[in-house]
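Participant: Encoded as structure tokens, here's the structure I'll be asking about.
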Amino acid sequence: MKATERWTVRHNYTFLLVGLLSIIAGGAMQAQYYPLHTLLSDLAIAIVFIVSVWSLVRSRIAFIFGWVLAASWMAASLAGHLLAFESFRFLGLCLLLAFFVLSGVIAGRDVFFGGAVTINRLVGAVCVYLLIGLVWTLAYFFVEAATAGAFDGLSATEWNARLAELGYFSFVTLTTLGFGDISPVSPLARVLAYIEAIVGQMYLTVLVAALVGMHIADYGSRSVDSVSRSD
């Protein structure tokens, strides 16, 4: 295996973290300064796919499926711009949601069942937390699209700017900050909101316990090995 390939495998979640931070920060800046230019949102998502798909490199099947999702999203996005069909927009967001879920499952498995605690696993843990917020962002968007007025306090009219507002609400809910400037109104939106808050707190609790347990187990294993060698 080449040195570049080994580095990619050892630090695969660095790619995912860069991609996730790019879509979070890029989406906010695009909504702030260019709310009418949906092409910029598509470019940001394309970058996320191209960069983040390398986080799946440890699993050949997941890696291939990630590229299939990326190619499908690009085709749906291109068709949406050329044909001006709103349905392609929702198809693209569904593909993005599938990619987030796939990445979260792979990263979560590595974080909790991947052996010794490493920097890459810690980066993966951060990625899972961000993915939870992004998955709920898209869920909120679909609820708002299906039921107008499901959230109170949304001011944006363009879909990309509204997605950024719902992303803000999602992470505020995930971290239980609860500023109150945006609030769920419909029953389904409320259910999603409190489930996200529960999932966010449970994830942090389980993560800390798991990392401490793995560190103790690793330390104990090294201590036993050192005693065995001394004997």
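Within each chain, counting starts at residue 1; across the structure tokens, chains are named A, B, ... in the order shown, with ligands numbered 1 upward in that order.
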Excluding segment 94-109 of chain A and its own-chain neighbours fewer than 4 positions away, which residues fall within 8 Å of it when counting only C-alpha atoms? Please give them as number ranges by chain.
Facilitator: A: 13, 55-56, 62, 66, 69-70, 72-73, 90, 113-114, 124-125, 127-128, 131-132, 134-135, 138
Participant: Would you mind exporting the chosen residues as a compact mmCIF listing (two decimals), in the first residue's frame, restricted to C-alpha atoms?
Facilitator:
```
# COMPACT_ATOMS: atom_id res chain seq x y z
CA TYR A 13 -12.34 11.00 9.16
CA SER A 55 -13.95 8.85 4.80
CA LEU A 56 -15.57 5.58 3.66
CA ALA A 62 -19.49 1.73 1.52
CA GLY A 66 -20.74 6.64 -1.49
CA LEU A 69 -24.71 8.50 -4.15
CA ALA A 70 -22.36 11.33 -5.16
CA SER A 72 -26.60 10.33 -8.46
CA TRP A 73 -26.75 13.61 -6.58
CA PHE A 90 -35.84 17.11 -3.16
CA PHE A 113 -16.10 -0.67 18.20
CA GLY A 114 -12.84 0.27 16.49
CA GLY A 124 -14.77 10.45 13.87
CA ALA A 125 -16.70 11.04 17.10
CA CYS A 127 -18.11 13.85 12.77
CA VAL A 128 -20.91 11.66 14.14
CA LEU A 131 -23.89 14.30 11.22
CA ILE A 132 -26.67 13.99 13.79
CA LEU A 134 -27.22 17.61 9.67
CA VAL A 135 -29.55 14.60 9.43
CA LEU A 138 -32.79 17.73 6.45
```
Participant: Might you pull out every residue within 12 Å of Ile119 of chain A, with only C-alpha atoms counted and same-chain residues fewer than 4 positions away left off, and present them as a list in words?
Facilitator: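 Once the nearby chain positions are removed, what remains is Arg10, His11, Asn12, Tyr13, Thr14, Val111, Val123, Gly124, Ala125, Val126 and Leu211 of chain A.
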Participant: Select, from A:Met202, A:Ala25, A:Leu16, A:Val143, the residue with the minimum atom-to-atom distance to Ala164 of chain A, counting only C-alpha atoms.
Facilitator: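 Result for the nearest residue to Ala164 of chain A: A:Ala25.
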Participant: One number please: atom CA of Gly149 of chain A to atom CA of Pro187 of chain A, in Å, one decimal.
Facilitator: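 Distance reported for this atom pair: 11.5 Å.
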Participant: Taking into account only C-alpha atoms, which residue in the set A:Leu177, A:Ala197, A:Leu83, A:Leu20 is nearest to Ile50 of chain A?
Facilitator: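 Among the listed residues, A:Leu20 lies closest to Ile50 of chain A.
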Participant: Of the residues A:Leu163, A:Glu196, A:Ile23, A:Ala210, which is the one nearest to Ala116 of chain A, using only C-alpha atoms?
Facilitator: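 Looking at the shortest contact to Ala116 of chain A, the residue is A:Ala210.
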Participant: Using only C-alpha atoms, determine which residues lie at most 12 Å from Val172 of chain A, disregarding the query and same-chain residues fewer than 3 positions distant; provide the list as a PDB file with N, CA and C atoms, in the first residue's frame.
Facilitator:
```
ATOM      1  N   LEU A 130     -21.738  15.968  14.415  1.00  0.00           N
ATOM      2  CA  LEU A 130     -22.148  16.908  13.366  1.00  0.00           C
ATOM      3  C   LEU A 130     -23.153  16.269  12.413  1.00  0.00           C
ATOM      4  N   GLY A 133     -26.690  16.420  13.715  1.00  0.00           N
ATOM      5  CA  GLY A 133     -27.300  17.726  13.470  1.00  0.00           C
ATOM      6  C   GLY A 133     -27.713  17.921  12.029  1.00  0.00           C
ATOM      7  N   LEU A 134     -26.909  17.435  11.095  1.00  0.00           N
ATOM      8  CA  LEU A 134     -27.224  17.608   9.673  1.00  0.00           C
ATOM      9  C   LEU A 134     -28.372  16.706   9.226  1.00  0.00           C
ATOM     10  N   TRP A 136     -30.859  15.766  11.109  1.00  0.00           N
ATOM     11  CA  TRP A 136     -32.077  16.403  11.613  1.00  0.00           C
ATOM     12  C   TRP A 136     -32.396  17.687  10.847  1.00  0.00           C
ATOM     13  N   THR A 137     -31.368  18.371  10.373  1.00  0.00           N
ATOM     14  CA  THR A 137     -31.613  19.556   9.547  1.00  0.00           C
ATOM     15  C   THR A 137     -32.446  19.202   8.326  1.00  0.00           C
ATOM     16  N   GLU A 165     -31.268  28.200   7.960  1.00  0.00           N
ATOM     17  CA  GLU A 165     -31.987  28.538   9.191  1.00  0.00           C
ATOM     18  C   GLU A 165     -32.351  27.283   9.982  1.00  0.00           C
ATOM     19  N   LEU A 166     -32.791  26.258   9.282  1.00  0.00           N
ATOM     20  CA  LEU A 166     -33.151  25.015   9.961  1.00  0.00           C
ATOM     21  C   LEU A 166     -31.908  24.293  10.485  1.00  0.00           C
ATOM     22  N   GLY A 167     -30.770  24.482   9.808  1.00  0.00           N
ATOM     23  CA  GLY A 167     -29.521  23.948  10.326  1.00  0.00           C
ATOM     24  C   GLY A 167     -29.148  24.610  11.639  1.00  0.00           C
ATOM     25  N   TYR A 168     -29.320  25.912  11.700  1.00  0.00           N
ATOM     26  CA  TYR A 168     -29.080  26.644  12.950  1.00  0.00           C
ATOM     27  C   TYR A 168     -29.986  26.118  14.058  1.00  0.00           C
ATOM     28  N   PHE A 169     -31.279  25.950  13.748  1.00  0.00           N
ATOM     29  CA  PHE A 169     -32.219  25.439  14.741  1.00  0.00           C
ATOM     30  C   PHE A 169     -31.838  24.029  15.177  1.00  0.00           C
ATOM     31  N   THR A 175     -27.611  20.792  20.922  1.00  0.00           N
ATOM     32  CA  THR A 175     -26.799  21.183  22.071  1.00  0.00           C
ATOM     33  C   THR A 175     -27.636  21.686  23.236  1.00  0.00           C
ATOM     34  N   THR A 176     -28.964  21.646  23.087  1.00  0.00           N
ATOM     35  CA  THR A 176     -29.940  22.085  24.105  1.00  0.00           C
ATOM     36  C   THR A 176     -29.724  23.535  24.538  1.00  0.00           C
ATOM     37  N   LEU A 177     -29.262  24.380  23.612  1.00  0.00           N
ATOM     38  CA  LEU A 177     -29.147  25.806  23.923  1.00  0.00           C
ATOM     39  C   LEU A 177     -30.526  26.457  23.974  1.00  0.00           C
ATOM     40  N   GLY A 178     -31.350  26.180  22.957  1.00  0.00           N
ATOM     41  CA  GLY A 178     -32.734  26.636  22.953  1.00  0.00           C
ATOM     42  C   GLY A 178     -32.907  28.140  23.054  1.00  0.00           C
ATOM     43  N   PHE A 179     -32.424  28.894  22.057  1.00  0.00           N
ATOM     44  CA  PHE A 179     -32.563  30.347  22.090  1.00  0.00           C
ATOM     45  C   PHE A 179     -34.013  30.787  21.953  1.00  0.00           C
ATOM     46  N   GLY A 180     -34.815  30.042  21.221  1.00  0.00           N
ATOM     47  CA  GLY A 180     -36.236  30.350  21.114  1.00  0.00           C
ATOM     48  C   GLY A 180     -36.626  31.236  19.959  1.00  0.00           C
ATOM     49  N   ASP A 181     -35.663  31.702  19.148  1.00  0.00           N
ATOM     50  CA  ASP A 181     -36.019  32.555  18.015  1.00  0.00           C
ATOM     51  C   ASP A 181     -36.708  31.756  16.909  1.00  0.00           C
ATOM     52  N   ILE A 182     -36.403  30.471  16.810  1.00  0.00           N
ATOM     53  CA  ILE A 182     -37.120  29.557  15.917  1.00  0.00           C
ATOM     54  C   ILE A 182     -37.679  28.432  16.780  1.00  0.00           C
ATOM     55  N   SER A 183     -38.933  28.114  16.586  1.00  0.00           N
ATOM     56  CA  SER A 183     -39.550  27.085  17.424  1.00  0.00           C
ATOM     57  C   SER A 183     -40.460  26.192  16.590  1.00  0.00           C
ATOM     58  N   ALA A 193     -37.888  17.574  17.306  1.00  0.00           N
ATOM     59  CA  ALA A 193     -37.035  18.458  18.097  1.00  0.00           C
ATOM     60  C   ALA A 193     -36.639  17.817  19.422  1.00  0.00           C
ATOM     61  N   TYR A 194     -37.612  17.266  20.149  1.00  0.00           N
ATOM     62  CA  TYR A 194     -37.216  16.712  21.445  1.00  0.00           C
ATOM     63  C   TYR A 194     -36.478  15.385  21.307  1.00  0.00           C
ATOM     64  N   GLU A 196     -34.292  14.847  18.926  1.00  0.00           N
ATOM     65  CA  GLU A 196     -32.919  15.280  18.637  1.00  0.00           C
ATOM     66  C   GLU A 196     -32.191  15.677  19.910  1.00  0.00           C
ATOM     67  N   ALA A 197     -32.867  16.412  20.790  1.00  0.00           N
ATOM     68  CA  ALA A 197     -32.242  16.813  22.050  1.00  0.00           C
ATOM     69  C   ALA A 197     -31.857  15.591  22.881  1.00  0.00           C
ATOM     70  N   GLY A 200     -28.866  13.783  21.173  1.00  0.00           N
ATOM     71  CA  GLY A 200     -27.627  14.528  21.366  1.00  0.00           C
ATOM     72  C   GLY A 200     -27.030  14.323  22.740  1.00  0.00           C
TER      73      GLY A 200
END
```
Participant: Could you jot down the atom CA of Phe112 of chain A to atom CA of Met214 of chain A separation for me, Å, one decimal place?
Facilitator: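 If I compute the distance from atom CA of Phe112 of chain A to atom CA of Met214 of chain A, I get 8.9 Å.
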Participant: To one decimal place, how far is atom CA of Val53 of chain A from atom CA of Leu78 of chain A in Å?
Facilitator: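 Between these atoms lies a distance of 19.6 Å.
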Participant: Quick one: everything within 9 Å of Ser22 of chain A, counting only C-alpha atoms, minus sequence neighbours fewer than 4 positions away in the same chain. Send it as an MDAnalysis selection string.
Facilitator: chainID A and resid 17:18 26:27 44:45 47:48
Participant: Between A:Leu43, A:Val117, A:Val199, A:Val68, which has the minimum distance to Ala217 of chain A (counting only C-alpha atoms)?
Facilitator: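 Counting only C-alpha atoms, the residue closest to Ala217 of chain A is A:Val117.
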Participant: Using DSSP on the backbone coordinates, identify all residues within segment 41-231 of chain A classified as alpha helix (DSSP H); present the result as an MDAnalysis selection string.
Facilitator: chainID A and resid 41:52 60:83 86:113 119:146 159:174 187:230
Participant: Write out as a ChimeraX atom specification which residues come within 10 Å of Leu188 of chain A when counting only C-alpha atoms, dropping same-chain ones fewer than 2 positions away.
Facilitator: /A:140,143-144,147,150,184-186,190-193
Participant: Export C-alpha atoms of the chosen residues as a CSV table (one decimal), in the first residue's frame?
Facilitator:
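As written to disk, part_10.csv reads:
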```csv
chain,number,residue,atom,x,y,z
A,140,TYR,CA,-36.8,19.5,9.6
A,143,VAL,CA,-41.3,18.5,7.4
A,144,GLU,CA,-41.4,22.3,6.7
A,147,THR,CA,-46.4,21.3,6.1
A,150,ALA,CA,-44.3,23.8,10.8
A,184,PRO,CA,-41.4,24.0,16.2
A,185,VAL,CA,-45.2,24.4,15.8
A,186,SER,CA,-46.6,21.3,14.2
A,190,ARG,CA,-42.0,19.1,18.0
A,191,VAL,CA,-41.5,15.3,18.2
A,192,LEU,CA,-38.4,15.6,16.0
A,193,ALA,CA,-37.0,18.5,18.1
```
